[in-house]
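Enquirer: Okay, here's the structure, questions in a sec.
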Amino acid sequence: MQLERISLWQFTLIIFIMRAVLSLATMPMILSEQKGGDSWVASILFILVGVPIALFYVKLAERHPDQTIFEYANTLLGPVWGRLVTAPLLWGFLHYSSVILREYGEATVTAVLPQTPLVFIMGCMILVCAVGVRLGIEVLGRSAELLVPLFAVSTVTVILLAVPLGELAHLTPVGVAGLGPIIRGGIAPSTYYFLFAVILVIYPSLNKKRFAGTSAVLASVSAATLVGLAAAVAVAIFGSEEAARLLFPFLSMARLVQVAEFVERIEAVTGIAWGAGLFLELSVVFYAGARGLGLWLGIVDHRRLVFPMGAILLTLSLVLFPNAFEISDFQTAEVLGPYGLLMIFGPPGVVWIASLLRGRSKAAPGQNGESLS
Amino acid sequence: MLRRLLKAAKGRAQATSDSGKKEQLPPTTLSQTLPRLREEFGEGSSLIVRTFTAGANDQYSAALAYVDGLADRETINVHILKSTMLDVDTEPEIEGSAKSPIVEAVQERLITASESTVVQTWDQVLEEISVGNTAVFIDGAAGAIVVSTPGWDRRGVQEPVSEAVVRGPRDGFTETLRTNEVLIRRRIRSPRLRVEQMTIGDLSRTGIGIAYIKGIAEERMVDEVRQRLKRIKVDSILESGYLEEYVQDSPWSIFPQMIRTERPDIVSANLLEGRVAILTDNTPFVLIMPITLSQFLTSPEDYYERFPTGIFIRTLRYGSLIVSLTLPAVYISITTFHQELLPTDLILAIAASRQGVPFPALVEALLLEILFEVLREAGIRLPRVIGQAVSIVGALVVGEAAVSAGLVSPAMVIVVATTAISSFATPAFSFAISARILRFAFMISAATLGLFGVQLLGLLVLLHLASLRSYGIPYLAPFAPLRGSDLKDAVLRFPHWSMVTRPDQIASQDPVRQDRQLDVRARPPGPEQASRQQSTPSDGVDAPRGDHDAT
């Protein structure tokens, strides 16, 4: 199978979308029980949390630049232990993508199609994603170049237009209950950095591997800033208590935006742009899962796995949560925190230790050449 | 089953190609050759055979054969008959020798036509006569002289009908390959412009020309085009559209992967950017490859008008492409699913206009859209005078009557009319058709799932576009993958002096189009101008090069 190539810019956009989309919709940082301004402070404080995580993944990938983690784990740890260590990663991709799918389905049902069954909407979505995954990371990367700017521009527009609606009083008081609640509020959203693990799968496809770390960090920080700002504005508008009750604070925010009595109720446009971003996020995670599973099972062409995996994903996303409010409960520091942190650092950490012991693999000659991507 | 069928078909194809005869042309007497020739062309054919005697002392009896109407009689009379029969008095005796047989001697010394060859097989003789050349046989000698004499009635160079411009050259390609090549050569007067000839089609023997500029077009690309054309084994190529389906990258895609044009200026501009063109005999439509989506939204006028005009009009075109794709779909989904999206007054107005309409919005839209497509089709096929009448009856009478009868709402008529006008703003007809077909898909998905459906279909289309390639070049370039320098000539059209490089990946052999110096721009006369003119020789820059021919 010909190795697909993505450019550094496409890579950056993919990392950006990994961080931005899902947390923008649900804003897990303002869901928890903090009072007053603590929630938005948490989202701003935790902007930099993505940096070490992104660097962690990139540095690990750089040790074995021509292989995915599912390949070099087997080389380093042996076929059995390698597979055992990377299995949680596969589960992580599957689990997180079903959460994303469920969020998308819930948002669509809530915002635009209240009478359509959830499973139908999610089925349509996963079908489109499956097509994208079958076409490969190269096509997804190119789609990102069109979709991410659309997403970013519409998000920034909504945030800017929503600023005048906020009240500064909602942003205070800060830190009344000490640092504890703030940190606790930051933990849950930070676990979404697990999605950066797609780096471990798509890094070999990068056509120029220099500056991969820099761009991953930049993407992570800019995405986190965008989401942090959105969260702060949402808190300013709704107040922390009401914002925590909202299922999709960002869409509610978009609904309020009004310009000169002409541009109003733009949540459909926002929803479409956000949905496009979410489609991309889901497809890339799905791709990482399918590719990983293919390598894990020793199936050369991962595309055969796409539709069966899609079916499993759809089922999983239906059975994970009985209703939309359970998703919010899932995203609290107590539940998601330990699980997410383990997923982020566990399997890659083991592989890294093995890699430190066994040495890095040499870059194959000619791998850094340019190509048509 | 299918595989077996294919295999059988392949076997048959092999058999036919094997049976092609390679019969040598023996040294025979004319009394044997000529009946054979008549027999090959069949009873009552337009083959003309003329026997005559050639040489100073009429020592050779000879015959020539050509197809009436395909060959130019004037050339035959002057350069074959007259030169071998009359103008030979001063010539010494012509003797055949072992080294130079009589046929070659006659060809070299008597035939005065500029292009002639000696052929040795029956096959070649028959083929050459079929394409309009004249074969000359000499009694008792092996081989035949073939004189190039094609000449038939051809259409003159006229203004291209399907691609009109307000500003720009008015000449268009014709049905003759040679004329078309000349139209390009007149624009690129350099020996680096190559037009490679080949023939495709066992029966049609259609002439094909692969045009490119050596040193700009990538060898790899030209070679790929050559290979793909060589793979075609078919009986006939009647139009470049036949070729297009054989050589495009994704045969199942709804989007065209090549541009076809009848404008020599478009072809020249593309050749200069390193692309390759396929000229086909008997059609004015020339294929250009590799292309990207942005080129379908480009009109030559963008480059001829000043650049602010170009920027404005192109932006408009991209907008109208999106409108023509999605406007009916968005209207359907808003009226059916998301009434809350529009301001209250507007949605009330729409609702009032839809009052009494018996159909759902989708049926209403399909009705009007199909009516419109039929109208367009009917208008193209009919003679121009009647065509206008049809469009008046269709658009005005039927539309007006449908509204007043309450079958469709006026709002829908506005939507469909806007869509139709927008779809005409796409300069490339082939691409506009793809958008028209997709519009129906968008309408149906909108009626099923509202804006969500529109979004899903839009994502599918985007994925498909992102996966398409035209001869290895991504279809969505320069947007995705992003190519900074090529964005100067995509949605926007930067000034000519700022487009320093040729398109990335397409012309990587010779990427620089002009000097990077900013001095190519004109400046108001001032003290510095004199020194500027001295310091920069304007080679490579499009300096005025004397008067071009006025023809």
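In the structure tokens, the first chain shown is A, the next is B, and so on; residue numbers restart at 1 for each chain, and ligands run from 1 in the order shown.
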Write out as a tab-separated table the residues of segment 256-280 of chain A that have any atom within 8 Å of an atom of segment 8-30 of chain A, one row each with the nearest atom pair and its distance in Å to one decimal, counting only C-alpha atoms, sorted by chain and then rising number.
Expert:
```
residue	atom	partner	partner_atom	distance
A:Trp274	CA	A:Val21	CA	6.8
A:Gly277	CA	A:Val21	CA	6.1
A:Leu278	CA	A:Val21	CA	5.8
A:Leu280	CA	A:Ile17	CA	7.5
```
Enquirer: Skip Glu267 of chain A itself and residues of its chain fewer than 5 positions away, then list as a list of chain:residue names all residues within 6 Å of it, counting only C-alpha atoms.
Expert: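 The filter keeps A:Leu251, A:Ala254, A:Arg255.
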Enquirer: For chain B against chain A, which residues fall within 6 Å using only C-alpha atoms, given as a ChimeraX atom specification?
Expert: /B:341,466-467,480-481
Enquirer: Excluding segment 468-473 of chain B and its own-chain neighbours fewer than 2 positions away, which residues fall within 7 Å of it when counting only C-alpha atoms? Please give them as a PDB file with N, CA and C atoms, in the first residue's frame.
Expert:
```pdb
ATOM      1  N   ASP B 249      -8.576  10.480 -14.855  1.00  0.00           N
ATOM      2  CA  ASP B 249      -8.089   9.716 -13.706  1.00  0.00           C
ATOM      3  C   ASP B 249      -9.177   8.902 -13.037  1.00  0.00           C
ATOM      4  N   GLN B 257     -12.413  16.096 -15.323  1.00  0.00           N
ATOM      5  CA  GLN B 257     -11.031  16.195 -14.847  1.00  0.00           C
ATOM      6  C   GLN B 257     -10.117  16.789 -15.905  1.00  0.00           C
ATOM      7  N   PRO B 290      -2.889  18.751 -16.724  1.00  0.00           N
ATOM      8  CA  PRO B 290      -3.784  18.524 -15.597  1.00  0.00           C
ATOM      9  C   PRO B 290      -4.435  19.838 -15.176  1.00  0.00           C
ATOM     10  N   ILE B 291      -5.590  19.752 -14.592  1.00  0.00           N
ATOM     11  CA  ILE B 291      -6.283  20.963 -14.206  1.00  0.00           C
ATOM     12  C   ILE B 291      -6.711  20.873 -12.757  1.00  0.00           C
ATOM     13  N   HIS B 464     -15.040  13.770  -1.821  1.00  0.00           N
ATOM     14  CA  HIS B 464     -14.794  13.281  -3.178  1.00  0.00           C
ATOM     15  C   HIS B 464     -13.850  14.217  -3.931  1.00  0.00           C
ATOM     16  N   LEU B 465     -14.128  15.514  -3.811  1.00  0.00           N
ATOM     17  CA  LEU B 465     -13.281  16.489  -4.502  1.00  0.00           C
ATOM     18  C   LEU B 465     -11.845  16.406  -3.985  1.00  0.00           C
ATOM     19  N   ALA B 466     -11.714  16.216  -2.664  1.00  0.00           N
ATOM     20  CA  ALA B 466     -10.372  16.175  -2.092  1.00  0.00           C
ATOM     21  C   ALA B 466      -9.626  14.931  -2.525  1.00  0.00           C
ATOM     22  N   TYR B 475      -7.127  17.928  -7.099  1.00  0.00           N
ATOM     23  CA  TYR B 475      -8.175  18.706  -7.760  1.00  0.00           C
ATOM     24  C   TYR B 475      -8.436  20.022  -7.044  1.00  0.00           C
TER      25      TYR B 475
END
```
Enquirer: Would you kindly return, as JSON, numbers by chain, each protein, DNA or RNA residue with an atom no farther than 7 Å from any atom of Ser391 of chain B, considering only C-alpha atoms and excluding same-chain residues fewer than 4 positions away?
Expert: {"B": [375, 379, 387, 395]}
Enquirer: Give me every alpha helix (DSSP H) residue in segment 71-275 of chain A, going by DSSP on the backbone, as an MDAnalysis selection string.
Expert: chainID A and resid 71:77 79:111 118:135 137:162 179:190 199:202 212:238 240:245 249:256 267:275
Enquirer: Can you pull out every residue within 9 Å of Ile350 of chain B, counting only C-alpha atoms, but drop anything in the same chain fewer than 2 positions away, and send it as a PyMOL selection string?
Expert: chain B and resi 335+345-348+352-355+409-411
Enquirer: Any idea what's packed within 12 Å of segment 242-246 of chain B, counting only C-alpha atoms, ignoring anything in its chain fewer than 5 positions away? Could you give it as an MDAnalysis selection string?
Expert: chainID B and resid 200:201 206:208 225 227:237 251:260 277:281 283 285:289 430 470
Enquirer: Find the residues around segment 224-238 of chain A up to 8 Å (only C-alpha atoms counted), leave out those fewer than 4 positions away in its own chain, and share them as number ranges by chain.
Expert: A: 19-20, 23-24, 27, 29-30, 37, 39-41, 43-44, 47-48, 50, 156, 159, 162-163, 165-171, 220, 242-243, 249-250, 253
Enquirer: Using Å and a single decimal, report how far atom CA of Pro264 of chain B sits from atom CA of Thr309 of chain B.
Expert: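 Answer for the atom CA of Thr309 of chain B to atom CA of Pro264 of chain B separation: 22.5 Å.
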Enquirer: Smallest atom-to-atom distance to Leu110 of chain B: which of B:Leu456, B:Ala417, B:Ala351, B:Ala56, using only C-alpha atoms?
Expert: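 The answer is B:Ala56, which sits nearest to Leu110 of chain B.
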Enquirer: Check the DSSP output for the backbone and give back, as an MDAnalysis selection string, the residues of segment 186-287 of chain B in strand (DSSP E or B).
Expert: chainID B and resid 193:200 206:214 217 259:261 276:280 286:287
Enquirer: Only N, CA and C atoms, please: the residues just picked out, written as a PDB file, in the first residue's frame.
Expert:
```pdb
ATOM      1  N   LEU B 193       7.628  24.887 -28.550  1.00  0.00           N
ATOM      2  CA  LEU B 193       6.254  24.366 -28.585  1.00  0.00           C
ATOM      3  C   LEU B 193       6.246  23.102 -29.424  1.00  0.00           C
ATOM      4  N   ARG B 194       5.928  21.996 -28.793  1.00  0.00           N
ATOM      5  CA  ARG B 194       5.935  20.730 -29.514  1.00  0.00           C
ATOM      6  C   ARG B 194       4.508  20.243 -29.699  1.00  0.00           C
ATOM      7  N   VAL B 195       4.239  19.707 -30.878  1.00  0.00           N
ATOM      8  CA  VAL B 195       2.956  19.040 -31.083  1.00  0.00           C
ATOM      9  C   VAL B 195       3.264  17.658 -31.637  1.00  0.00           C
ATOM     10  N   GLU B 196       3.157  16.653 -30.772  1.00  0.00           N
ATOM     11  CA  GLU B 196       3.457  15.292 -31.216  1.00  0.00           C
ATOM     12  C   GLU B 196       2.233  14.682 -31.862  1.00  0.00           C
ATOM     13  N   GLN B 197       2.455  14.048 -32.990  1.00  0.00           N
ATOM     14  CA  GLN B 197       1.326  13.496 -33.731  1.00  0.00           C
ATOM     15  C   GLN B 197       1.169  12.013 -33.421  1.00  0.00           C
ATOM     16  N   MET B 198      -0.071  11.582 -33.360  1.00  0.00           N
ATOM     17  CA  MET B 198      -0.329  10.156 -33.345  1.00  0.00           C
ATOM     18  C   MET B 198      -1.716   9.901 -33.903  1.00  0.00           C
ATOM     19  N   THR B 199      -1.988   8.647 -34.185  1.00  0.00           N
ATOM     20  CA  THR B 199      -3.276   8.298 -34.760  1.00  0.00           C
ATOM     21  C   THR B 199      -3.957   7.304 -33.848  1.00  0.00           C
ATOM     22  N   ILE B 200      -5.229   7.524 -33.581  1.00  0.00           N
ATOM     23  CA  ILE B 200      -5.983   6.594 -32.752  1.00  0.00           C
ATOM     24  C   ILE B 200      -7.248   6.208 -33.506  1.00  0.00           C
ATOM     25  N   THR B 206      -8.080   8.743 -36.524  1.00  0.00           N
ATOM     26  CA  THR B 206      -8.149  10.146 -36.142  1.00  0.00           C
ATOM     27  C   THR B 206      -6.781  10.676 -35.749  1.00  0.00           C
ATOM     28  N   GLY B 207      -6.457  11.798 -36.281  1.00  0.00           N
ATOM     29  CA  GLY B 207      -5.188  12.407 -35.931  1.00  0.00           C
ATOM     30  C   GLY B 207      -5.276  13.072 -34.573  1.00  0.00           C
ATOM     31  N   ILE B 208      -4.259  12.846 -33.732  1.00  0.00           N
ATOM     32  CA  ILE B 208      -4.226  13.421 -32.399  1.00  0.00           C
ATOM     33  C   ILE B 208      -2.917  14.190 -32.267  1.00  0.00           C
ATOM     34  N   GLY B 209      -2.954  15.326 -31.654  1.00  0.00           N
ATOM     35  CA  GLY B 209      -1.728  16.072 -31.403  1.00  0.00           C
ATOM     36  C   GLY B 209      -1.567  16.308 -29.911  1.00  0.00           C
ATOM     37  N   ILE B 210      -0.397  15.961 -29.361  1.00  0.00           N
ATOM     38  CA  ILE B 210      -0.114  16.245 -27.954  1.00  0.00           C
ATOM     39  C   ILE B 210       0.747  17.502 -27.917  1.00  0.00           C
ATOM     40  N   ALA B 211       0.175  18.585 -27.447  1.00  0.00           N
ATOM     41  CA  ALA B 211       0.893  19.855 -27.466  1.00  0.00           C
ATOM     42  C   ALA B 211       1.436  20.168 -26.084  1.00  0.00           C
ATOM     43  N   TYR B 212       2.667  20.622 -26.029  1.00  0.00           N
ATOM     44  CA  TYR B 212       3.268  21.061 -24.769  1.00  0.00           C
ATOM     45  C   TYR B 212       4.461  21.922 -25.100  1.00  0.00           C
ATOM     46  N   ILE B 213       4.964  22.595 -24.111  1.00  0.00           N
ATOM     47  CA  ILE B 213       6.162  23.402 -24.325  1.00  0.00           C
ATOM     48  C   ILE B 213       7.326  22.711 -23.656  1.00  0.00           C
ATOM     49  N   LYS B 214       8.311  22.380 -24.453  1.00  0.00           N
ATOM     50  CA  LYS B 214       9.449  21.637 -23.912  1.00  0.00           C
ATOM     51  C   LYS B 214      10.198  22.537 -22.941  1.00  0.00           C
ATOM     52  N   ALA B 217       6.669  22.109 -19.505  1.00  0.00           N
ATOM     53  CA  ALA B 217       5.875  20.951 -19.102  1.00  0.00           C
ATOM     54  C   ALA B 217       6.815  19.870 -18.603  1.00  0.00           C
ATOM     55  N   ILE B 259     -10.119  20.184 -18.891  1.00  0.00           N
ATOM     56  CA  ILE B 259     -10.857  21.305 -19.462  1.00  0.00           C
ATOM     57  C   ILE B 259     -10.928  21.087 -20.956  1.00  0.00           C
ATOM     58  N   ARG B 260     -12.077  21.351 -21.550  1.00  0.00           N
ATOM     59  CA  ARG B 260     -12.102  21.351 -23.000  1.00  0.00           C
ATOM     60  C   ARG B 260     -12.490  22.749 -23.444  1.00  0.00           C
ATOM     61  N   THR B 261     -11.824  23.204 -24.457  1.00  0.00           N
ATOM     62  CA  THR B 261     -12.069  24.573 -24.864  1.00  0.00           C
ATOM     63  C   THR B 261     -11.922  24.677 -26.366  1.00  0.00           C
ATOM     64  N   VAL B 276      -0.483  20.313 -20.573  1.00  0.00           N
ATOM     65  CA  VAL B 276      -0.429  19.591 -21.827  1.00  0.00           C
ATOM     66  C   VAL B 276      -1.804  19.658 -22.471  1.00  0.00           C
ATOM     67  N   ALA B 277      -1.837  19.807 -23.788  1.00  0.00           N
ATOM     68  CA  ALA B 277      -3.128  19.856 -24.480  1.00  0.00           C
ATOM     69  C   ALA B 277      -3.198  18.719 -25.482  1.00  0.00           C
ATOM     70  N   ILE B 278      -4.388  18.164 -25.641  1.00  0.00           N
ATOM     71  CA  ILE B 278      -4.591  17.143 -26.661  1.00  0.00           C
ATOM     72  C   ILE B 278      -5.489  17.727 -27.737  1.00  0.00           C
ATOM     73  N   LEU B 279      -4.946  17.834 -28.943  1.00  0.00           N
ATOM     74  CA  LEU B 279      -5.737  18.310 -30.068  1.00  0.00           C
ATOM     75  C   LEU B 279      -6.276  17.100 -30.803  1.00  0.00           C
ATOM     76  N   THR B 280      -7.521  17.151 -31.184  1.00  0.00           N
ATOM     77  CA  THR B 280      -8.122  16.037 -31.886  1.00  0.00           C
ATOM     78  C   THR B 280      -8.618  16.529 -33.226  1.00  0.00           C
ATOM     79  N   VAL B 286     -10.428  21.203 -27.705  1.00  0.00           N
ATOM     80  CA  VAL B 286      -9.112  20.741 -27.300  1.00  0.00           C
ATOM     81  C   VAL B 286      -9.152  20.442 -25.808  1.00  0.00           C
ATOM     82  N   LEU B 287      -8.518  19.347 -25.417  1.00  0.00           N
ATOM     83  CA  LEU B 287      -8.492  18.970 -23.999  1.00  0.00           C
ATOM     84  C   LEU B 287      -7.228  19.501 -23.349  1.00  0.00           C
TER      85      LEU B 287
END
```
Enquirer: Using only C-alpha atoms, which residue out of A:Ala288, A:Leu89, A:Leu282, A:Leu84 lies closest to Arg303 of chain A?
Expert: A:Ala288
